[in-house]
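Structure file my_file01.cif (mmCIF, C-alpha atoms and all ligand atoms) is printed below.
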```cif
data_entry
#
loop_
_atom_site.label_atom_id
_atom_site.label_comp_id
_atom_site.auth_asym_id
_atom_site.auth_seq_id
_atom_site.Cartn_x
_atom_site.Cartn_y
_atom_site.Cartn_z
CA MET A 1 20.47 -8.97 4.81
CA ASP A 2 18.16 -9.65 7.77
CA GLY A 3 16.31 -6.33 8.00
CA SER A 4 18.27 -5.04 11.00
CA ARG A 5 18.86 -1.30 11.14
CA THR A 6 20.96 1.16 13.04
CA PRO A 7 19.16 3.98 14.90
CA GLU A 8 20.53 6.52 12.37
CA THR A 9 18.87 4.95 9.32
CA PRO A 10 15.17 5.66 8.73
CA PRO A 11 12.99 2.54 8.92
CA VAL A 12 11.55 1.08 5.72
CA LEU A 13 8.46 -1.10 5.94
CA ILE A 14 6.50 -2.71 3.12
CA LEU A 15 2.83 -3.65 3.30
CA LEU A 16 2.31 -6.50 0.86
CA GLY A 17 -0.98 -8.09 -0.11
CA PRO A 18 -3.65 -8.22 -2.81
CA PRO A 19 -5.90 -5.27 -3.69
CA GLY A 20 -8.45 -4.71 -0.94
CA ALA A 21 -6.35 -6.35 1.79
CA GLY A 22 -6.35 -3.08 3.73
CA LYS A 23 -2.84 -1.84 2.94
CA GLY A 24 -3.92 1.80 2.59
CA THR A 25 -6.04 1.80 5.74
CA GLN A 26 -3.30 0.22 7.82
CA ALA A 27 -0.57 2.42 6.32
CA ARG A 28 -2.50 5.54 7.32
CA MET A 29 -2.83 4.25 10.87
CA LEU A 30 0.89 3.44 11.07
CA GLU A 31 1.63 6.93 9.81
CA GLU A 32 -0.36 8.37 12.70
CA GLN A 33 0.95 5.96 15.34
CA PHE A 34 4.66 5.96 14.47
CA GLY A 35 5.19 9.19 12.50
CA LEU A 36 6.22 7.26 9.40
CA VAL A 37 5.34 8.48 5.90
CA GLN A 38 2.93 6.44 3.76
CA LEU A 39 4.14 6.08 0.18
CA SER A 40 1.37 4.70 -2.01
CA THR A 41 2.34 4.33 -5.66
CA GLY A 42 -1.39 4.00 -6.46
CA ASP A 43 -2.01 7.45 -4.92
CA LEU A 44 1.07 8.90 -6.66
CA LEU A 45 -0.11 7.49 -10.00
CA ARG A 46 -3.68 8.76 -9.51
CA ALA A 47 -2.20 12.21 -8.79
CA ALA A 48 -0.09 11.93 -11.98
CA VAL A 49 -3.21 11.00 -13.98
CA ALA A 50 -5.15 13.94 -12.49
CA SER A 51 -2.31 16.36 -13.28
CA GLY A 52 -2.18 15.22 -16.92
CA SER A 53 1.62 14.67 -16.78
CA GLU A 54 3.32 12.43 -19.37
CA ALA A 55 3.61 9.64 -16.78
CA GLY A 56 -0.06 10.10 -15.90
CA LYS A 57 -1.13 9.89 -19.56
CA ALA A 58 0.83 6.66 -19.98
CA ALA A 59 -0.60 5.16 -16.78
CA LYS A 60 -4.30 6.04 -17.16
CA ALA A 61 -5.55 3.29 -19.50
CA VAL A 62 -3.35 0.66 -17.84
CA MET A 63 -4.81 1.47 -14.43
CA GLU A 64 -8.37 1.47 -15.75
CA ALA A 65 -7.78 -2.04 -17.15
CA GLY A 66 -6.44 -3.23 -13.78
CA ASP A 67 -2.99 -4.02 -15.19
CA LEU A 68 0.35 -2.94 -13.78
CA VAL A 69 1.94 0.31 -14.92
CA SER A 70 5.44 -0.18 -16.39
CA ASP A 71 8.29 -0.65 -13.94
CA ASP A 72 10.19 2.35 -15.41
CA ILE A 73 7.37 4.79 -14.69
CA VAL A 74 6.60 3.50 -11.20
CA ILE A 75 10.24 3.27 -10.13
CA ALA A 76 10.90 6.85 -11.32
CA ILE A 77 7.86 8.16 -9.41
CA LEU A 78 8.85 6.29 -6.25
CA ARG A 79 12.48 7.39 -6.48
CA ASP A 80 11.42 11.08 -6.67
CA ARG A 81 9.07 10.74 -3.72
CA LEU A 82 11.58 8.82 -1.61
CA ALA A 83 14.09 11.66 -2.05
CA ALA A 84 11.73 14.21 -0.41
CA PRO A 85 12.91 15.43 3.03
CA ASP A 86 9.89 14.07 4.97
CA CYS A 87 10.92 10.50 4.07
CA ALA A 88 13.84 10.86 6.49
CA LYS A 89 11.28 9.98 9.20
CA GLY A 90 10.97 6.50 7.71
CA VAL A 91 8.46 5.12 5.23
CA ILE A 92 5.70 2.58 4.80
CA LEU A 93 5.49 1.42 1.21
CA ASP A 94 1.91 0.66 0.21
CA GLY A 95 1.50 -0.96 -3.22
CA PHE A 96 5.22 -0.94 -4.02
CA PRO A 97 7.09 -3.05 -5.00
CA ARG A 98 4.71 -5.08 -7.14
CA THR A 99 7.25 -6.90 -9.33
CA THR A 100 10.64 -8.48 -8.76
CA ALA A 101 12.24 -5.76 -10.91
CA GLN A 102 10.72 -3.11 -8.61
CA ALA A 103 11.96 -4.96 -5.51
CA GLU A 104 15.48 -5.10 -6.94
CA ALA A 105 15.34 -1.41 -7.88
CA LEU A 106 14.19 -0.60 -4.34
CA ASP A 107 17.11 -2.53 -2.83
CA ALA A 108 19.51 -0.60 -5.06
CA MET A 109 17.91 2.78 -4.18
CA LEU A 110 18.00 2.09 -0.45
CA GLY A 111 21.55 0.78 -0.70
CA GLU A 112 22.67 4.22 -1.90
CA THR A 113 21.80 5.65 1.53
CA GLY A 114 22.82 2.65 3.62
CA GLN A 115 19.19 1.61 4.19
CA ASN A 116 17.44 -1.66 3.58
CA VAL A 117 13.94 -3.12 3.87
CA ASN A 118 13.47 -3.73 7.59
CA SER A 119 10.15 -5.55 7.47
CA THR A 120 7.70 -6.75 4.83
CA ILE A 121 4.29 -7.35 6.36
CA LEU A 122 2.11 -9.65 4.29
CA LEU A 123 -1.63 -9.07 4.76
CA GLU A 124 -3.14 -12.50 4.16
CA VAL A 125 -6.74 -12.51 2.91
CA ASP A 126 -9.29 -14.63 1.09
CA ASP A 127 -9.40 -13.52 -2.55
CA VAL A 128 -13.08 -14.08 -3.17
CA LYS A 129 -14.02 -11.93 -0.20
CA MET A 130 -11.70 -9.23 -1.52
CA VAL A 131 -13.95 -8.57 -4.49
CA VAL A 132 -16.85 -7.81 -2.11
CA ARG A 133 -14.64 -5.74 0.14
CA ILE A 134 -13.32 -3.60 -2.71
CA ALA A 135 -16.74 -3.04 -4.23
CA GLY A 136 -17.92 -1.36 -1.00
CA ARG A 137 -15.09 1.07 -0.42
CA PHE A 138 -14.95 4.84 -0.80
CA THR A 139 -12.63 7.67 0.22
CA CYS A 140 -12.86 11.24 1.43
CA GLY A 141 -11.76 13.34 -1.54
CA ALA A 142 -10.50 16.07 0.80
CA CYS A 143 -8.25 14.20 3.28
CA GLY A 144 -7.98 10.69 1.84
CA GLU A 145 -9.54 8.81 4.78
CA GLY A 146 -10.90 5.45 3.61
CA TYR A 147 -14.41 4.09 4.37
CA HIS A 148 -16.51 1.05 3.56
CA ASP A 149 -20.25 0.48 3.09
CA ASP A 150 -20.21 -2.43 5.58
CA PHE A 151 -16.99 -2.37 7.62
CA LYS A 152 -16.25 1.30 8.24
CA LYS A 153 -19.17 3.69 7.72
CA PRO A 154 -18.73 7.39 8.50
CA LYS A 155 -20.56 8.42 11.70
CA VAL A 156 -22.69 10.86 9.69
CA ALA A 157 -23.66 9.64 6.21
CA ASP A 158 -21.50 11.08 3.39
CA THR A 159 -19.47 13.17 5.85
CA CYS A 160 -15.82 12.52 6.66
CA ASP A 161 -15.21 11.70 10.36
CA CYS A 162 -11.71 13.16 10.13
CA CYS A 163 -12.12 16.48 8.30
CA GLY A 164 -15.90 17.00 8.01
CA ALA A 165 -15.83 17.32 4.18
CA ARG A 166 -18.74 15.97 2.14
CA GLN A 167 -16.73 14.83 -0.89
CA MET A 168 -16.77 11.04 -0.84
CA THR A 169 -15.31 9.48 -4.00
CA ARG A 170 -15.18 5.94 -5.38
CA ARG A 171 -12.21 4.78 -7.46
CA ALA A 172 -12.85 4.13 -11.16
CA ASP A 173 -10.96 0.81 -10.92
CA ASP A 174 -12.98 -0.48 -7.93
CA ASN A 175 -15.47 -2.41 -10.09
CA ALA A 176 -15.84 -6.21 -10.23
CA LYS A 177 -14.26 -6.65 -13.70
CA THR A 178 -11.18 -4.54 -13.02
CA VAL A 179 -10.77 -6.05 -9.57
CA MET A 180 -10.44 -9.52 -11.13
CA SER A 181 -7.65 -8.23 -13.41
CA ARG A 182 -5.95 -6.61 -10.42
CA LEU A 183 -6.11 -9.89 -8.50
CA ASP A 184 -4.63 -11.76 -11.49
CA ALA A 185 -1.82 -9.19 -11.70
CA TYR A 186 -1.18 -9.70 -8.00
CA HIS A 187 -0.90 -13.48 -8.26
CA GLU A 188 1.20 -13.46 -11.41
CA GLN A 189 3.56 -10.58 -10.75
CA THR A 190 3.48 -9.59 -7.07
CA ALA A 191 3.05 -12.87 -5.15
CA PRO A 192 6.62 -13.98 -6.06
CA LEU A 193 7.80 -11.19 -3.74
CA ILE A 194 6.62 -13.27 -0.77
CA ALA A 195 9.48 -15.72 -1.42
CA TYR A 196 11.83 -12.83 -2.28
CA TYR A 197 11.43 -11.20 1.14
CA ASP A 198 11.15 -14.49 3.00
CA ALA A 199 14.59 -15.42 1.67
CA LYS A 200 15.92 -12.15 3.11
CA GLY A 201 14.46 -13.01 6.53
CA VAL A 202 12.18 -9.92 6.65
CA LEU A 203 8.76 -11.38 5.83
CA ARG A 204 6.08 -11.28 8.55
CA ARG A 205 2.54 -12.61 8.04
CA VAL A 206 -0.66 -11.10 9.44
CA ASP A 207 -4.16 -12.59 9.17
CA ALA A 208 -5.95 -9.64 7.57
CA MET A 209 -9.45 -11.18 7.55
CA ARG A 210 -10.02 -9.96 11.13
CA GLU A 211 -11.37 -6.67 12.51
CA ILE A 212 -9.46 -3.56 11.38
CA ALA A 213 -8.47 -2.77 15.00
CA THR A 214 -7.13 -6.31 15.60
CA ILE A 215 -5.06 -6.17 12.42
CA LYS A 216 -3.81 -2.74 13.46
CA ASP A 217 -2.57 -4.15 16.78
CA ALA A 218 -0.76 -7.03 15.06
CA ILE A 219 0.92 -4.72 12.54
CA GLY A 220 1.67 -2.18 15.28
CA ALA A 221 3.56 -4.81 17.30
CA LEU A 222 5.63 -5.80 14.26
CA THR A 223 6.35 -2.15 13.48
CA GLN A 224 7.34 -1.45 17.06
CA SER A 225 10.02 -4.12 16.86
CA VAL A 226 11.50 -2.38 13.79
CA MET A 227 11.36 1.08 15.41
CA ALA A 228 13.13 -0.10 18.58
P1 LIG B 1 -3.48 0.68 -5.76
O1 LIG B 1 -4.00 2.01 -5.34
O2 LIG B 1 -2.23 0.29 -5.01
O3 LIG B 1 -4.54 -0.39 -5.71
O4 LIG B 1 -3.03 0.83 -7.28
C1 LIG B 1 -3.98 1.15 -8.29
C2 LIG B 1 -3.39 0.86 -9.66
O5 LIG B 1 -2.21 1.65 -9.84
C3 LIG B 1 -2.93 -0.58 -9.87
O6 LIG B 1 -3.99 -1.43 -10.26
C4 LIG B 1 -1.88 -0.40 -10.95
O7 LIG B 1 -2.49 -0.18 -12.22
C5 LIG B 1 -1.21 0.91 -10.56
N1 LIG B 1 -0.07 0.70 -9.65
C6 LIG B 1 0.03 1.10 -8.35
N2 LIG B 1 1.22 0.76 -7.82
C7 LIG B 1 1.88 0.11 -8.81
C8 LIG B 1 3.16 -0.52 -8.90
N3 LIG B 1 4.00 -0.57 -7.84
N4 LIG B 1 3.52 -1.08 -10.09
C9 LIG B 1 2.70 -1.05 -11.16
N5 LIG B 1 1.48 -0.50 -11.15
C10 LIG B 1 1.06 0.08 -9.99
#
```
Give the structure from this file in structure tokens form.
Ligand code: AMP
Amino acid sequence: MDGSRTPETPPVLILLGPPGAGKGTQARMLEEQFGLVQLSTGDLLRAAVASGSEAGKAAKAVMEAGDLVSDDIVIAILRDRLAAPDCAKGVILDGFPRTTAQAEALDAMLGETGQNVNSTILLEVDDVKMVVRIAGRFTCGACGEGYHDDFKKPKVADTCDCCGARQMTRRADDNAKTVMSRLDAYHEQTAPLIAYYDAKGVLRRVDAMREIATIKDAIGALTQSVMA
């Protein structure tokens, strides 16, 4: 497999990188620019926790500790979401896969519909700086737009630039202690996916320590080559 696709099959992109690398921010921009659908397993799990579903109850404490939720739960949630009609436009996976078992399950799922992973974009960052970056981030509770105390402030304090709501929220797991556990989980369980996708010839690297707009351009160019 080399990531090539026929025009009939919806594109599948993965954004890979440690917590705080900017996967969510960039995925939202790709969604807007290319009409792809962002699939964030973190968002899907937070919704499951908020709804009080069985999966959400099982995931809550694990997420608060900064560990990875079990493969079975995450794969089932992703499989359901991937089957929704809007995913026929093509998807950007943000935060999935995070283990080799998830990557293999994804290959099997996509294989059922003749798809494959067309590009895995690795956002390369400096770990230590990630802790600072994560500690400053917050999100509009109404539309999901992401902000940062230093790098991306809303134009009017506490007010979303996109939808005007005044409902900024900070994630419970965005604290220094949990962030360290999340970084450990990334290095132990997710980083092996770099070699996994490199071996398939679909890994692309982007320096994600630069300005958000510069990173967006780099990722946009890589995405364009998959869309063509
Ligand atoms: P994120 O929003 O991607 O930073 O994810 C937040 C938390 O959700 C993670 O720290 C994990 O506890 C859990 N999570 C999200 N995606 C996955 C996944 N693919 N596999 C296991 N756990 C996940």
key: Within 7 Å of ligand LIG 1 (chain B), counting all atoms listed in the file, residues as a list in words   = Pro19, Ser40, Thr41, Gly42, Asp43, Leu45, Val62, Met63, Gly66, Asp67, Leu68, Val69, Ser70, Asp71, Val74, Asp94, Gly95, Phe96, Pro97, Arg98, Thr99 and Arg182 of chain A
Can I get the residues of region 106-187 of chain A within 12 Å of region 191-202 of chain A, each with the closest pair of atoms and their distance in Å to one decimal, using only C-alpha atoms, sorted chain first then ascending number, as JSON lines?
```
{"residue": "A:Asp107", "atom": "CA", "partner": "A:Tyr197", "partner_atom": "CA", "distance": 11.1}
{"residue": "A:Asn116", "atom": "CA", "partner": "A:Val202", "partner_atom": "CA", "distance": 10.3}
{"residue": "A:Val117", "atom": "CA", "partner": "A:Val202", "partner_atom": "CA", "distance": 7.6}
{"residue": "A:Asn118", "atom": "CA", "partner": "A:Val202", "partner_atom": "CA", "distance": 6.4}
{"residue": "A:Ser119", "atom": "CA", "partner": "A:Val202", "partner_atom": "CA", "distance": 4.9}
{"residue": "A:Thr120", "atom": "CA", "partner": "A:Val202", "partner_atom": "CA", "distance": 5.8}
{"residue": "A:Ile121", "atom": "CA", "partner": "A:Val202", "partner_atom": "CA", "distance": 8.3}
{"residue": "A:Leu122", "atom": "CA", "partner": "A:Ile194", "partner_atom": "CA", "distance": 7.7}
{"residue": "A:Leu123", "atom": "CA", "partner": "A:Ile194", "partner_atom": "CA", "distance": 10.8}
{"residue": "A:Glu124", "atom": "CA", "partner": "A:Ile194", "partner_atom": "CA", "distance": 11.0}
{"residue": "A:Leu183", "atom": "CA", "partner": "A:Ala191", "partner_atom": "CA", "distance": 10.2}
{"residue": "A:Asp184", "atom": "CA", "partner": "A:Ala191", "partner_atom": "CA", "distance": 10.0}
{"residue": "A:Ala185", "atom": "CA", "partner": "A:Ala191", "partner_atom": "CA", "distance": 9.0}
{"residue": "A:Tyr186", "atom": "CA", "partner": "A:Ala191", "partner_atom": "CA", "distance": 6.0}
{"residue": "A:His187", "atom": "CA", "partner": "A:Ala191", "partner_atom": "CA", "distance": 5.1}
```
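The closest residue to Asp149 (chain A), picked from A:Arg170, A:Phe34, A:Ala165, A:Ala61 and counting all atoms listed in the file, is A:Arg170.
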key: CA of Asp127 (chain A) to CA of Ala172 (chain A), straight-line distance in Å   =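 Interatomic distance here is 19.9 Å.
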inquiry  = Neighbouring residues of region 207-223 of chain A were defined as those with any atom within 10 Å, considering only C-alpha atoms; residues of the same chain fewer than 2 positions away were excluded. Please report them as an MDAnalysis selection string.
reply    = chainID A and resid 11:13 15 17 21:23 25:27 29:30 33:34 92 118:126 129:130 151:152 204:205 225:228
task = May I ask for the distance between CA of Ala59 (chain A) and CA of Met109 (chain A), given in Å to one decimal place?
result =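 Computing it gives 22.5 Å between the two atoms.
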message = Ranking A:Gly136, A:Ala88, A:Pro18, A:Val206 by minimum distance to Val37 (chain A) and counting all atoms listed in the file, which one comes first?
response = A:Ala88
inquiry  = Just to confirm, what's the straight-line distance from CA of Gly20 (chain A) to CA of Ile134 (chain A) in Å (one decimal)?
reply    =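 Going from CA of Gly20 (chain A) over to CA of Ile134 (chain A), I get 5.3 Å.
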ask   = For Glu112 (chain A), which residue among A:Ala65, A:Ala83, A:Val49, A:Ile77 is the nearest when counting all atoms listed in the file?
value =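 Using all atoms listed in the file, the shortest distance to Glu112 (chain A) belongs to A:Ala83.
Distances from A:Ser181, A:Thr190, A:Thr139, A:Gln224 to Arg166 (chain A) were compared using only C-alpha atoms, and the smallest one belongs to A:Thr139.
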ask   = Nearest to Arg171 (chain A): which of A:Cys140, A:Leu16, A:Val91, A:Val128 is it, counting only C-alpha atoms?
value = A:Cys140
query = At a cut-off of 10 Å from (24.2, -0.3, 4.7) in the coordinates of the file, what residues are picked up using only C-alpha atoms, written as a ChimeraX atom specification?
reply = /A:1,4-6,9,110-116
inquiry  = I need the residue nearest Arg79 (chain A) from this list: A:Ala55, A:Met180, A:Leu106, A:Val132. Use all atoms listed in the file for the distance.
reply    =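 Nearest to Arg79 (chain A): A:Leu106.
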ask   = Which neighbours of Asp158 (chain A) fall inside 8 Å, counting all atoms listed in the file, when residues of the same chain fewer than 4 positions from it are skipped, and could you give them as JSON, numbers by chain?
value = {"A": [154, 166, 167, 168]}
